[in-house]
Amino acid sequence: METLEAIMTRRSVRAYKKDPVSKELLDTILRAATAAPSSGNRQPWTFIVICDRRRLQGLVSLSPGLSSEPFAIIAICLDETRATKTEDGDAESMVWMDLGAAMENILLAAHDQGLGACAIGSFHEQGVRELLRLPSKLKLALLVSIGIPIRVPTGPKKRPPEEVIFFEEYGAQNGHRKT
Amino acid sequence: MDTEKLREDIFFLIGFILTSMQGLYHEPAEYGIYRLLDVGGRLLSIIEIHGLSDDFLRKLGQEIEEEKAESMDSDRQKATISRLALEYTAELQRRLSIENH
């Protein structure tokens with residue numbers, strides 16, 4: 001699939017078949033994840049891949065954002081030991097862009113390989129942390145469900161370009177500010 | 001009926017309800033509607049799996065799953081939920097009529 005076609009046709013898939021996904025396909029998706037750009041090339045991410053059915057049932061129970069049980073879930077974590085820090089000791093905000101880039105690579109790679117995927121932000125963080133036995137240095141950022149889609153949703157409504165895109169300065173179209 | 005499996009399915013459903021409640025403190029208000037739609041779908045799925053369903057509940061469950069699988073669209077979702085509520089009302093009236101004979 002061409003890159004632009006993948007970007008424009010990707011959808012958030014929430015209903016999956018019970019059919020398995022090959023390890024080769026998962027490996028391809030994970031390679032795409034690690035190919036994402038990151039600030040200072042620090043690669044602050046850690047990915048936990050869950051395919052065990054009992055663990056998946058537990059995750060679905062603890063994650064309201066997961067509508068059904070996928071074949072696999074990728075937990076995207078921030079490794080705080082690899083994140084640059086602010087003066088207050090918090091991870092620099094750039095790391096969230098890095099994890100976002102990795103997330104998008106996962107979503108697009110899955111779509112390119114004929115799979116469905118969906119980024120999930122609604123989960124019980126402490127519960128999922130304990131289920132995955134995350135060490136304290138890892139902050140759980142997102143879950144991504146992956147599997148063979150039962151159905152692919154239609155495209156969501158998008159804001160019109162003139163509402164979100166401006167040129168040269170805010171409010172200006174074609175170099176001229178709207179009056 | 002596999003009582004142990006039913007108990008387990010309900011146990012997982014309780015987890016979904018509890019974590020949904022907690023999550024909604026921080027999430028957009030409209031997520032609540034989606035969570036209720038989801039719990040309805042999950043409950044109907046459990047009923048179906050354990051042989052407790054009927055034609056009406058089966059159809060209701062299928063329609064809910066189709067809505068859940070679609071992209072987020074509050075207008076479409078509102079119309080779907082309104083229609084399903086009306087269909088349920090009609091079925092409720094039908095069942096009550098039979099029981100009242």
# chains A, B, ... in the order shown; residues from 1 in each chain; ligands from 1
call {"tool": "closest_atom_pairs", "arguments": {"of": "chain A", "to": "chain B", "cutoff": "12 Å", "atoms": "only C-alpha atoms", "output": "CSV"}}
result
residue,atom,partner,partner_atom,distance
A:Arg10,CA,B:Ser71,CA,11.5
A:Arg11,CA,B:Ser71,CA,7.9
A:Ser12,CA,B:Ser71,CA,7.1
A:Val13,CA,B:Ala69,CA,6.8
A:Arg14,CA,B:Ala69,CA,5.3
A:Ala15,CA,B:Ala69,CA,5.6
A:Tyr16,CA,B:Ala69,CA,9.3
A:Arg54,CA,B:Phe12,CA,11.0
A:Arg55,CA,B:Phe12,CA,11.7
A:Leu56,CA,B:Phe12,CA,11.1
A:Gln57,CA,B:Phe12,CA,7.5
A:Gly58,CA,B:Phe12,CA,7.3
A:Leu59,CA,B:Phe16,CA,9.5
A:Val60,CA,B:Phe16,CA,7.4
A:Ser61,CA,B:Phe16,CA,4.7
A:Leu62,CA,B:Phe16,CA,5.7
A:Ser63,CA,B:Phe16,CA,6.7
A:Pro64,CA,B:Ser20,CA,5.4
A:Gly65,CA,B:Arg35,CA,8.5
A:Leu66,CA,B:Phe16,CA,9.4
A:Ser67,CA,B:Asp38,CA,6.7
A:Ser68,CA,B:Arg42,CA,8.7
A:Glu69,CA,B:Arg42,CA,11.3
A:Gly116,CA,B:Ala69,CA,11.5
A:Ala117,CA,B:Ala69,CA,11.9
A:Cys118,CA,B:Ser71,CA,10.9
A:Gly121,CA,B:Glu27,CA,9.7
A:Ser122,CA,B:Gly23,CA,6.7
A:Phe123,CA,B:Thr19,CA,7.1
A:His124,CA,B:Thr19,CA,5.8
A:Glu125,CA,B:Thr19,CA,9.6
A:Gln126,CA,B:Thr19,CA,10.6
A:Gly127,CA,B:Thr19,CA,9.2
A:Val128,CA,B:Thr19,CA,10.8
A:Pro149,CA,B:Ala69,CA,9.7
A:Ile150,CA,B:Ala69,CA,8.9
A:Arg151,CA,B:Ala69,CA,7.2
A:Val152,CA,B:Glu70,CA,7.5
A:Pro153,CA,B:Glu70,CA,4.5
A:Thr154,CA,B:Ser71,CA,6.4
A:Gly155,CA,B:Ser71,CA,6.6
A:Pro156,CA,B:Ser71,CA,5.5
A:Lys157,CA,B:Asp73,CA,7.5
A:Lys158,CA,B:Asp73,CA,10.6
call {"tool": "residues_around", "arguments": {"residues": "segment 40-42 of chain A", "least_positions_apart": "2", "cutoff": "12 Å", "atoms": "only C-alpha atoms", "output": "number ranges by chain"}}
result
A: 34-38, 44-46, 78-84, 92, 94-95, 98-99
call {"tool": "select_by_dssp", "arguments": {"residues": "segment 17-94 of chain B", "states": "alpha helix (DSSP H)", "output": "ChimeraX atom specification"}}
result
/B:17-23,31-49,55-69,74-94
call {"tool": "closest_residue", "arguments": {"among": "A:Pro70, A:Gly89, A:Pro20, A:Pro160", "to": "Ile146 of chain A", "atoms": "only C-alpha atoms"}}
result
A:Pro70
call {"tool": "residues_around", "arguments": {"residues": "Met1 of chain B", "least_positions_apart": "4", "cutoff": "10 Å", "atoms": "only C-alpha atoms", "output": "list in words"}}
result
Lys5, Leu6, Ile49, His50, Gly51 and Leu52 of chain B
call {"tool": "atom_distance", "arguments": {"atom1": "atom CA of Gly100 of chain A", "atom2": "atom CA of Arg76 of chain B"}}
result
28.8 Å
call {"tool": "residues_around", "arguments": {"residues": "Glu63 of chain B", "least_positions_apart": "5", "cutoff": "12 Å", "atoms": "only C-alpha atoms", "output": "ChimeraX atom specification"}}
result
/B:37-38,40-41,44-45,56-58,68-70,77,80-81,83-85,87
call {"tool": "atom_distance", "arguments": {"atom1": "atom CA of Asp88 of chain A", "atom2": "atom CA of Ser39 of chain A"}}
result
18.9 Å
call {"tool": "atom_distance", "arguments": {"atom1": "atom CA of Ile165 of chain A", "atom2": "atom CA of Leu4 of chain A"}}
result
18.8 Å
call {"tool": "decode", "arguments": {"residues": "segment 48-62 of chain A", "atoms": "N, CA and C atoms", "output": "short mmCIF file (atom, residue, chain, number, x, y, z; two decimals), in the first residue's frame"}}
result
data_model
loop_
_atom_site.label_atom_id
_atom_site.label_comp_id
_atom_site.auth_asym_id
_atom_site.auth_seq_id
_atom_site.Cartn_x
_atom_site.Cartn_y
_atom_site.Cartn_z
N ILE A 48 5.18 -3.47 25.19
CA ILE A 48 4.84 -4.78 25.75
C ILE A 48 3.76 -5.36 24.85
N VAL A 49 4.01 -6.53 24.27
CA VAL A 49 3.07 -7.16 23.35
C VAL A 49 2.34 -8.29 24.09
N ILE A 50 1.03 -8.22 24.13
CA ILE A 50 0.23 -9.21 24.86
C ILE A 50 -0.61 -10.00 23.86
N CYS A 51 -0.41 -11.32 23.83
CA CYS A 51 -1.19 -12.20 22.97
C CYS A 51 -1.86 -13.31 23.77
N ASP A 52 -1.44 -13.51 25.01
CA ASP A 52 -2.01 -14.56 25.83
C ASP A 52 -3.47 -14.26 26.09
N ARG A 53 -4.33 -15.24 25.83
CA ARG A 53 -5.78 -14.99 25.85
C ARG A 53 -6.28 -14.59 27.23
N ARG A 54 -5.74 -15.21 28.27
CA ARG A 54 -6.21 -14.88 29.62
C ARG A 54 -5.80 -13.44 29.98
N ARG A 55 -4.58 -13.09 29.61
CA ARG A 55 -4.14 -11.70 29.88
C ARG A 55 -4.98 -10.72 29.08
N LEU A 56 -5.30 -11.08 27.84
CA LEU A 56 -6.12 -10.21 27.02
C LEU A 56 -7.50 -10.03 27.65
N GLN A 57 -8.08 -11.11 28.18
CA GLN A 57 -9.38 -10.99 28.85
C GLN A 57 -9.28 -10.03 30.03
N GLY A 58 -8.19 -10.14 30.77
CA GLY A 58 -7.99 -9.24 31.90
C GLY A 58 -7.86 -7.79 31.45
N LEU A 59 -7.12 -7.57 30.38
CA LEU A 59 -6.93 -6.21 29.87
C LEU A 59 -8.25 -5.62 29.38
N VAL A 60 -9.02 -6.44 28.68
CA VAL A 60 -10.32 -5.96 28.18
C VAL A 60 -11.22 -5.57 29.36
N SER A 61 -11.14 -6.35 30.43
CA SER A 61 -11.96 -6.05 31.61
C SER A 61 -11.54 -4.74 32.26
N LEU A 62 -10.25 -4.41 32.20
CA LEU A 62 -9.73 -3.22 32.87
C LEU A 62 -9.62 -2.01 31.95
#
